Amino acid sequence: MMAKKGEPAKAGAVVRSRGRPRTASTGEGGADHAVGREGLIDATIELLKHQPPSAITPVVVARAVGVHPSLIRYYFKNRATLLVAVAERVTERFGKQVELAAEQSDGSPRSRLCARIGALIDLNATFPFFHQLIVSEIATSDDPAAQEMIAKFTNRGQGAYGAILRAGLVDGSFRGMDPGLLYVVVIGMAEFFVSARRQLEVAQGAPIDEEELRAVYKTFVCDLVLNGVTKRD
């Protein structure tokens with residue numbers, strides 16, 4: 001136990017200086033974990049693949065990597081800040097997926113739009129609780145970091161759809177459409193693949209392999225959106 005300020009330390013007591021807390025020891029020889037900020041973010045992302053964000057707490061994350069919860073408080077001000085860092089990392093990966101898909105497309109507004117739709121469906125399929133993280137933890141949080149993150153996330157997504165739609169107007173392939181509404185609708189369809197997968201299988205008439213079902217769903221949503229935005233003569 002640490003001595004109170006102004007009091008001498010008791011004999012045999014361990015007095016720790018301020019700074020990074022020691023981590024839990026595991027394995028032979030009691031070697032300390034080398035877990036830093038990036039490791040904690042990665043561990044939380046892994047948890048998000050299998051658990052709703054409401055179940056992810058500093059204690060749960062700490063237990064998953066074998067460290068003391070104080071290490072999380074050292075790197076992150078609070079739980080909200082940790083979840084914001086996780087959301088930012090996942091959306092960063094999403095951005096890279098979109099860029100890769102766009103590079104593999106022909107560069108037309110139609111292919112760029114489908115690339116973005118497909119990447120978003122893949123993101124939600126990989127992280128089934130990502131939508132819950134954004135809606136229930138980030139968008140409703142009073143934490144300044146969360147408010148900044150949701151504004152950046154929304155503006156970036158809406159801006160991307162706006163740029164694609166403008167390119168389609170210029171080349172004559174698209175009609176005018178509100179990019180904000182398109183952005184929200186695509187998010188809803190991407191999340192639906194996760195929340196109503198069983199219903200999708202029932203609609204198909206038989207259990208379907210997840211990868212196969214996802215490919216069919218991406219093609220359908222892309223076709224649906226393109227038919228909505230395509231300019232008619």
# chains A, B, ... in the order shown; residues from 1 in each chain; ligands from 1
$ residues_around --residues "region 187-197 of chain A" --least-positions-apart "3" --cutoff "8 Å" --atoms "only C-alpha atoms" --output "PDB file with all heavy atoms, in the first residue's frame"
ATOM      1  N   ILE A 117     -19.926   0.084 -51.410  1.00  0.00           N
ATOM      2  CA  ILE A 117     -21.013  -0.724 -50.838  1.00  0.00           C
ATOM      3  C   ILE A 117     -20.489  -2.092 -50.400  1.00  0.00           C
ATOM      4  O   ILE A 117     -20.765  -2.558 -49.290  1.00  0.00           O
ATOM      5  CB  ILE A 117     -22.149  -0.889 -51.861  1.00  0.00           C
ATOM      6  CG1 ILE A 117     -22.855   0.453 -52.080  1.00  0.00           C
ATOM      7  CG2 ILE A 117     -23.147  -1.955 -51.400  1.00  0.00           C
ATOM      8  CD1 ILE A 117     -23.842   0.446 -53.239  1.00  0.00           C
ATOM      9  N   LEU A 120     -18.331  -1.923 -47.244  1.00  0.00           N
ATOM     10  CA  LEU A 120     -19.107  -1.680 -46.030  1.00  0.00           C
ATOM     11  C   LEU A 120     -19.819  -2.953 -45.566  1.00  0.00           C
ATOM     12  O   LEU A 120     -19.889  -3.231 -44.363  1.00  0.00           O
ATOM     13  CB  LEU A 120     -20.130  -0.562 -46.262  1.00  0.00           C
ATOM     14  CG  LEU A 120     -20.915  -0.103 -45.026  1.00  0.00           C
ATOM     15  CD1 LEU A 120     -19.964   0.396 -43.940  1.00  0.00           C
ATOM     16  CD2 LEU A 120     -21.917   0.983 -45.395  1.00  0.00           C
ATOM     17  N   ILE A 121     -20.329  -3.725 -46.501  1.00  0.00           N
ATOM     18  CA  ILE A 121     -20.966  -4.994 -46.139  1.00  0.00           C
ATOM     19  C   ILE A 121     -19.928  -5.952 -45.554  1.00  0.00           C
ATOM     20  O   ILE A 121     -20.196  -6.640 -44.560  1.00  0.00           O
ATOM     21  CB  ILE A 121     -21.663  -5.621 -47.363  1.00  0.00           C
ATOM     22  CG1 ILE A 121     -22.871  -4.762 -47.771  1.00  0.00           C
ATOM     23  CG2 ILE A 121     -22.104  -7.054 -47.066  1.00  0.00           C
ATOM     24  CD1 ILE A 121     -23.522  -5.188 -49.070  1.00  0.00           C
ATOM     25  N   ASN A 124     -19.136  -4.892 -41.893  1.00  0.00           N
ATOM     26  CA  ASN A 124     -20.159  -5.291 -40.928  1.00  0.00           C
ATOM     27  C   ASN A 124     -20.186  -6.798 -40.719  1.00  0.00           C
ATOM     28  O   ASN A 124     -20.493  -7.260 -39.620  1.00  0.00           O
ATOM     29  CB  ASN A 124     -21.531  -4.795 -41.393  1.00  0.00           C
ATOM     30  CG  ASN A 124     -21.771  -3.345 -41.049  1.00  0.00           C
ATOM     31  OD1 ASN A 124     -22.316  -3.019 -40.001  1.00  0.00           O
ATOM     32  ND2 ASN A 124     -21.351  -2.443 -41.931  1.00  0.00           N
ATOM     33  N   ALA A 125     -19.868  -7.561 -41.760  1.00  0.00           N
ATOM     34  CA  ALA A 125     -19.834  -9.012 -41.622  1.00  0.00           C
ATOM     35  C   ALA A 125     -18.644  -9.452 -40.766  1.00  0.00           C
ATOM     36  O   ALA A 125     -18.749 -10.394 -39.975  1.00  0.00           O
ATOM     37  CB  ALA A 125     -19.761  -9.667 -43.003  1.00  0.00           C
ATOM     38  N   PRO A 128     -19.521  -7.890 -36.537  1.00  0.00           N
ATOM     39  CA  PRO A 128     -20.987  -7.879 -36.440  1.00  0.00           C
ATOM     40  C   PRO A 128     -21.547  -6.828 -35.483  1.00  0.00           C
ATOM     41  O   PRO A 128     -22.704  -6.445 -35.603  1.00  0.00           O
ATOM     42  CB  PRO A 128     -21.315  -9.294 -35.949  1.00  0.00           C
ATOM     43  CG  PRO A 128     -20.128 -10.122 -36.325  1.00  0.00           C
ATOM     44  CD  PRO A 128     -18.963  -9.205 -36.201  1.00  0.00           C
ATOM     45  N   HIS A 131     -21.817  -1.747 -35.966  1.00  0.00           N
ATOM     46  CA  HIS A 131     -22.917  -0.787 -36.062  1.00  0.00           C
ATOM     47  C   HIS A 131     -23.411  -0.402 -34.667  1.00  0.00           C
ATOM     48  O   HIS A 131     -23.687   0.772 -34.399  1.00  0.00           O
ATOM     49  CB  HIS A 131     -24.058  -1.376 -36.885  1.00  0.00           C
ATOM     50  CG  HIS A 131     -25.194  -0.418 -37.130  1.00  0.00           C
ATOM     51  ND1 HIS A 131     -25.085   0.643 -37.988  1.00  0.00           N
ATOM     52  CD2 HIS A 131     -26.446  -0.355 -36.608  1.00  0.00           C
ATOM     53  CE1 HIS A 131     -26.225   1.326 -37.996  1.00  0.00           C
ATOM     54  NE2 HIS A 131     -27.063   0.741 -37.167  1.00  0.00           N
ATOM     55  N   TYR A 183     -26.088   7.664 -48.155  1.00  0.00           N
ATOM     56  CA  TYR A 183     -25.130   7.202 -47.145  1.00  0.00           C
ATOM     57  C   TYR A 183     -25.834   6.417 -46.036  1.00  0.00           C
ATOM     58  O   TYR A 183     -25.423   5.303 -45.678  1.00  0.00           O
ATOM     59  CB  TYR A 183     -24.400   8.426 -46.583  1.00  0.00           C
ATOM     60  CG  TYR A 183     -23.639   8.216 -45.301  1.00  0.00           C
ATOM     61  CD1 TYR A 183     -22.463   7.473 -45.277  1.00  0.00           C
ATOM     62  CD2 TYR A 183     -24.078   8.791 -44.111  1.00  0.00           C
ATOM     63  CE1 TYR A 183     -21.756   7.298 -44.094  1.00  0.00           C
ATOM     64  CE2 TYR A 183     -23.379   8.625 -42.931  1.00  0.00           C
ATOM     65  CZ  TYR A 183     -22.213   7.883 -42.929  1.00  0.00           C
ATOM     66  OH  TYR A 183     -21.518   7.715 -41.758  1.00  0.00           O
ATOM     67  N   VAL A 184     -26.930   6.971 -45.518  1.00  0.00           N
ATOM     68  CA  VAL A 184     -27.674   6.326 -44.429  1.00  0.00           C
ATOM     69  C   VAL A 184     -28.323   5.023 -44.894  1.00  0.00           C
ATOM     70  O   VAL A 184     -28.312   4.007 -44.178  1.00  0.00           O
ATOM     71  CB  VAL A 184     -28.733   7.285 -43.864  1.00  0.00           C
ATOM     72  CG1 VAL A 184     -29.650   6.562 -42.890  1.00  0.00           C
ATOM     73  CG2 VAL A 184     -28.071   8.470 -43.158  1.00  0.00           C
ATOM     74  N   LEU A 200     -32.470 -13.841 -44.058  1.00  0.00           N
ATOM     75  CA  LEU A 200     -31.983 -13.925 -45.433  1.00  0.00           C
ATOM     76  C   LEU A 200     -31.870 -15.384 -45.874  1.00  0.00           C
ATOM     77  O   LEU A 200     -32.203 -15.735 -47.007  1.00  0.00           O
ATOM     78  CB  LEU A 200     -30.624 -13.233 -45.555  1.00  0.00           C
ATOM     79  CG  LEU A 200     -30.629 -11.707 -45.409  1.00  0.00           C
ATOM     80  CD1 LEU A 200     -29.201 -11.175 -45.325  1.00  0.00           C
ATOM     81  CD2 LEU A 200     -31.358 -11.062 -46.590  1.00  0.00           C
ATOM     82  N   GLU A 201     -31.412 -16.237 -44.961  1.00  0.00           N
ATOM     83  CA  GLU A 201     -31.301 -17.656 -45.288  1.00  0.00           C
ATOM     84  C   GLU A 201     -32.684 -18.272 -45.498  1.00  0.00           C
ATOM     85  O   GLU A 201     -32.877 -19.086 -46.413  1.00  0.00           O
ATOM     86  CB  GLU A 201     -30.559 -18.392 -44.171  1.00  0.00           C
ATOM     87  CG  GLU A 201     -29.083 -18.066 -44.100  1.00  0.00           C
ATOM     88  CD  GLU A 201     -28.366 -18.879 -43.042  1.00  0.00           C
ATOM     89  OE1 GLU A 201     -28.998 -19.205 -42.017  1.00  0.00           O
ATOM     90  OE2 GLU A 201     -27.173 -19.188 -43.243  1.00  0.00           O
ATOM     91  N   ARG A 214     -22.935 -13.664 -48.572  1.00  0.00           N
ATOM     92  CA  ARG A 214     -22.439 -12.293 -48.591  1.00  0.00           C
ATOM     93  C   ARG A 214     -22.207 -11.806 -50.020  1.00  0.00           C
ATOM     94  O   ARG A 214     -22.519 -10.667 -50.370  1.00  0.00           O
ATOM     95  CB  ARG A 214     -21.149 -12.176 -47.786  1.00  0.00           C
ATOM     96  CG  ARG A 214     -20.763 -10.719 -47.500  1.00  0.00           C
ATOM     97  CD  ARG A 214     -19.336 -10.549 -47.031  1.00  0.00           C
ATOM     98  NE  ARG A 214     -18.967 -11.436 -45.926  1.00  0.00           N
ATOM     99  CZ  ARG A 214     -17.775 -11.398 -45.338  1.00  0.00           C
ATOM    100  NH1 ARG A 214     -16.846 -10.522 -45.758  1.00  0.00           N
ATOM    101  NH2 ARG A 214     -17.474 -12.229 -44.357  1.00  0.00           N
ATOM    102  N   TYR A 217     -25.518 -11.106 -51.593  1.00  0.00           N
ATOM    103  CA  TYR A 217     -26.116  -9.907 -51.005  1.00  0.00           C
ATOM    104  C   TYR A 217     -25.434  -8.642 -51.525  1.00  0.00           C
ATOM    105  O   TYR A 217     -26.106  -7.650 -51.832  1.00  0.00           O
ATOM    106  CB  TYR A 217     -26.012  -9.977 -49.483  1.00  0.00           C
ATOM    107  CG  TYR A 217     -26.799  -8.896 -48.768  1.00  0.00           C
ATOM    108  CD1 TYR A 217     -28.190  -8.932 -48.737  1.00  0.00           C
ATOM    109  CD2 TYR A 217     -26.154  -7.842 -48.132  1.00  0.00           C
ATOM    110  CE1 TYR A 217     -28.918  -7.950 -48.082  1.00  0.00           C
ATOM    111  CE2 TYR A 217     -26.871  -6.850 -47.472  1.00  0.00           C
ATOM    112  CZ  TYR A 217     -28.251  -6.909 -47.456  1.00  0.00           C
ATOM    113  OH  TYR A 217     -28.970  -5.926 -46.817  1.00  0.00           O
ATOM    114  N   VAL A 221     -27.463  -5.664 -53.472  1.00  0.00           N
ATOM    115  CA  VAL A 221     -27.520  -4.289 -52.975  1.00  0.00           C
ATOM    116  C   VAL A 221     -26.904  -3.321 -53.984  1.00  0.00           C
ATOM    117  O   VAL A 221     -27.441  -2.241 -54.233  1.00  0.00           O
ATOM    118  CB  VAL A 221     -26.805  -4.169 -51.612  1.00  0.00           C
ATOM    119  CG1 VAL A 221     -26.701  -2.702 -51.182  1.00  0.00           C
ATOM    120  CG2 VAL A 221     -27.556  -4.967 -50.553  1.00  0.00           C
TER     121      VAL A 221
END
$ closest_residue --among "A:Gly36, A:Pro58, A:Gly95, A:Pro207" --to "Asp122 (chain A)" --atoms "only C-alpha atoms"
A:Gly95
$ residues_around --residues "Ile150 (chain A)" --least-positions-apart "2" --cutoff "9 Å" --atoms "only C-alpha atoms" --output "ChimeraX atom specification"
/A:84,134,138-139,145-148,152-155
$ write_last_selection --atoms "N, CA and C atoms" --output "mmCIF file, in the first residue's frame"
data_model
loop_
_atom_site.group_PDB
_atom_site.id
_atom_site.type_symbol
_atom_site.label_atom_id
_atom_site.label_comp_id
_atom_site.auth_asym_id
_atom_site.auth_seq_id
_atom_site.Cartn_x
_atom_site.Cartn_y
_atom_site.Cartn_z
ATOM 1 N N VAL A 84 -13.614 4.868 -28.810
ATOM 2 C CA VAL A 84 -13.400 5.779 -29.935
ATOM 3 C C VAL A 84 -12.150 5.360 -30.712
ATOM 4 N N ILE A 134 -21.034 2.142 -33.094
ATOM 5 C CA ILE A 134 -21.214 3.508 -33.581
ATOM 6 C C ILE A 134 -22.498 4.127 -33.035
ATOM 7 N N ILE A 138 -20.818 5.481 -29.572
ATOM 8 C CA ILE A 138 -20.125 6.679 -30.073
ATOM 9 C C ILE A 138 -21.101 7.831 -30.298
ATOM 10 N N ALA A 139 -22.163 7.583 -31.067
ATOM 11 C CA ALA A 139 -23.092 8.660 -31.431
ATOM 12 C C ALA A 139 -23.820 9.246 -30.231
ATOM 13 N N ALA A 145 -14.230 13.316 -27.442
ATOM 14 C CA ALA A 145 -13.566 12.493 -28.447
ATOM 15 C C ALA A 145 -14.584 11.716 -29.277
ATOM 16 N N ALA A 146 -15.644 11.235 -28.625
ATOM 17 C CA ALA A 146 -16.696 10.503 -29.329
ATOM 18 C C ALA A 146 -17.469 11.427 -30.257
ATOM 19 N N GLN A 147 -17.777 12.626 -29.793
ATOM 20 C CA GLN A 147 -18.500 13.587 -30.624
ATOM 21 C C GLN A 147 -17.685 13.971 -31.854
ATOM 22 N N GLU A 148 -16.394 14.152 -31.644
ATOM 23 C CA GLU A 148 -15.521 14.491 -32.776
ATOM 24 C C GLU A 148 -15.442 13.342 -33.767
ATOM 25 N N LYS A 152 -16.627 13.285 -37.723
ATOM 26 C CA LYS A 152 -15.644 12.989 -38.763
ATOM 27 C C LYS A 152 -16.072 11.784 -39.591
ATOM 28 N N PHE A 153 -16.569 10.755 -38.923
ATOM 29 C CA PHE A 153 -17.015 9.532 -39.586
ATOM 30 C C PHE A 153 -18.174 9.822 -40.546
ATOM 31 N N THR A 154 -19.148 10.602 -40.070
ATOM 32 C CA THR A 154 -20.323 10.927 -40.885
ATOM 33 C C THR A 154 -19.963 11.821 -42.055
ATOM 34 N N ASN A 155 -19.187 12.864 -41.793
ATOM 35 C CA ASN A 155 -18.817 13.797 -42.859
ATOM 36 C C ASN A 155 -17.964 13.126 -43.937
#
$ closest_residue --among "A:Leu47, A:Val61, A:Val67, A:Leu100" --to "Val35 (chain A)" --atoms "only C-alpha atoms"
A:Val67
$ residues_around --residues "Ala115 (chain A)" --least-positions-apart "4" --cutoff "7 Å" --atoms "only C-alpha atoms" --output "MDAnalysis selection string"
chainID A and resid 98 101:102 111 119
$ select_by_dssp --residues "region 141-227 of chain A" --states "alpha helix (DSSP H)" --output "number ranges by chain"
A: 144-171, 179-195, 197-204, 210-227
$ residues_around --residues "Cys114 (chain A)" --least-positions-apart "5" --cutoff "12 Å" --atoms "only C-alpha atoms" --output "list of chain:residue names"
A:Val98, A:Ala101, A:Ala102, A:Gln104, A:Ser105, A:Asp106, A:Gly107, A:Ser108, A:Pro109, A:Ala119, A:Leu120, A:Ile121, A:Tyr161, A:Ile164, A:Val186, A:Tyr217, A:Lys218, A:Thr219, A:Phe220, A:Val221, A:Cys222, A:Asp223, A:Leu224, A:Val225, A:Leu226, A:Asn227, A:Val229
$ write_last_selection --atoms "C-alpha atoms" --output "compact mmCIF listing (two decimals), in the first residue's frame"
# COMPACT_ATOMS: atom_id res chain seq x y z
CA VAL A 98 -12.42 0.84 -50.15
CA ALA A 101 -11.51 -2.19 -54.16
CA ALA A 102 -11.48 1.10 -56.06
CA GLN A 104 -9.33 -2.99 -58.77
CA SER A 105 -12.34 -1.32 -60.41
CA ASP A 106 -12.46 0.51 -63.74
CA GLY A 107 -12.61 3.88 -61.98
CA SER A 108 -16.13 4.76 -63.15
CA PRO A 109 -18.67 6.23 -60.71
CA ALA A 119 -16.49 -2.89 -48.52
CA LEU A 120 -19.11 -1.68 -46.03
CA ILE A 121 -20.97 -4.99 -46.14
CA TYR A 161 -20.89 9.41 -51.64
CA ILE A 164 -19.16 9.69 -56.48
CA VAL A 186 -26.41 1.94 -47.57
CA TYR A 217 -26.12 -9.91 -51.00
CA LYS A 218 -23.40 -7.49 -52.15
CA THR A 219 -24.36 -8.01 -55.79
CA PHE A 220 -28.04 -7.49 -55.00
CA VAL A 221 -27.52 -4.29 -52.97
CA CYS A 222 -25.17 -2.86 -55.59
CA ASP A 223 -27.68 -3.57 -58.35
CA LEU A 224 -30.49 -2.08 -56.26
CA VAL A 225 -28.59 1.15 -55.57
CA LEU A 226 -27.33 1.52 -59.11
CA ASN A 227 -30.86 1.17 -60.45
CA VAL A 229 -29.15 6.40 -59.02
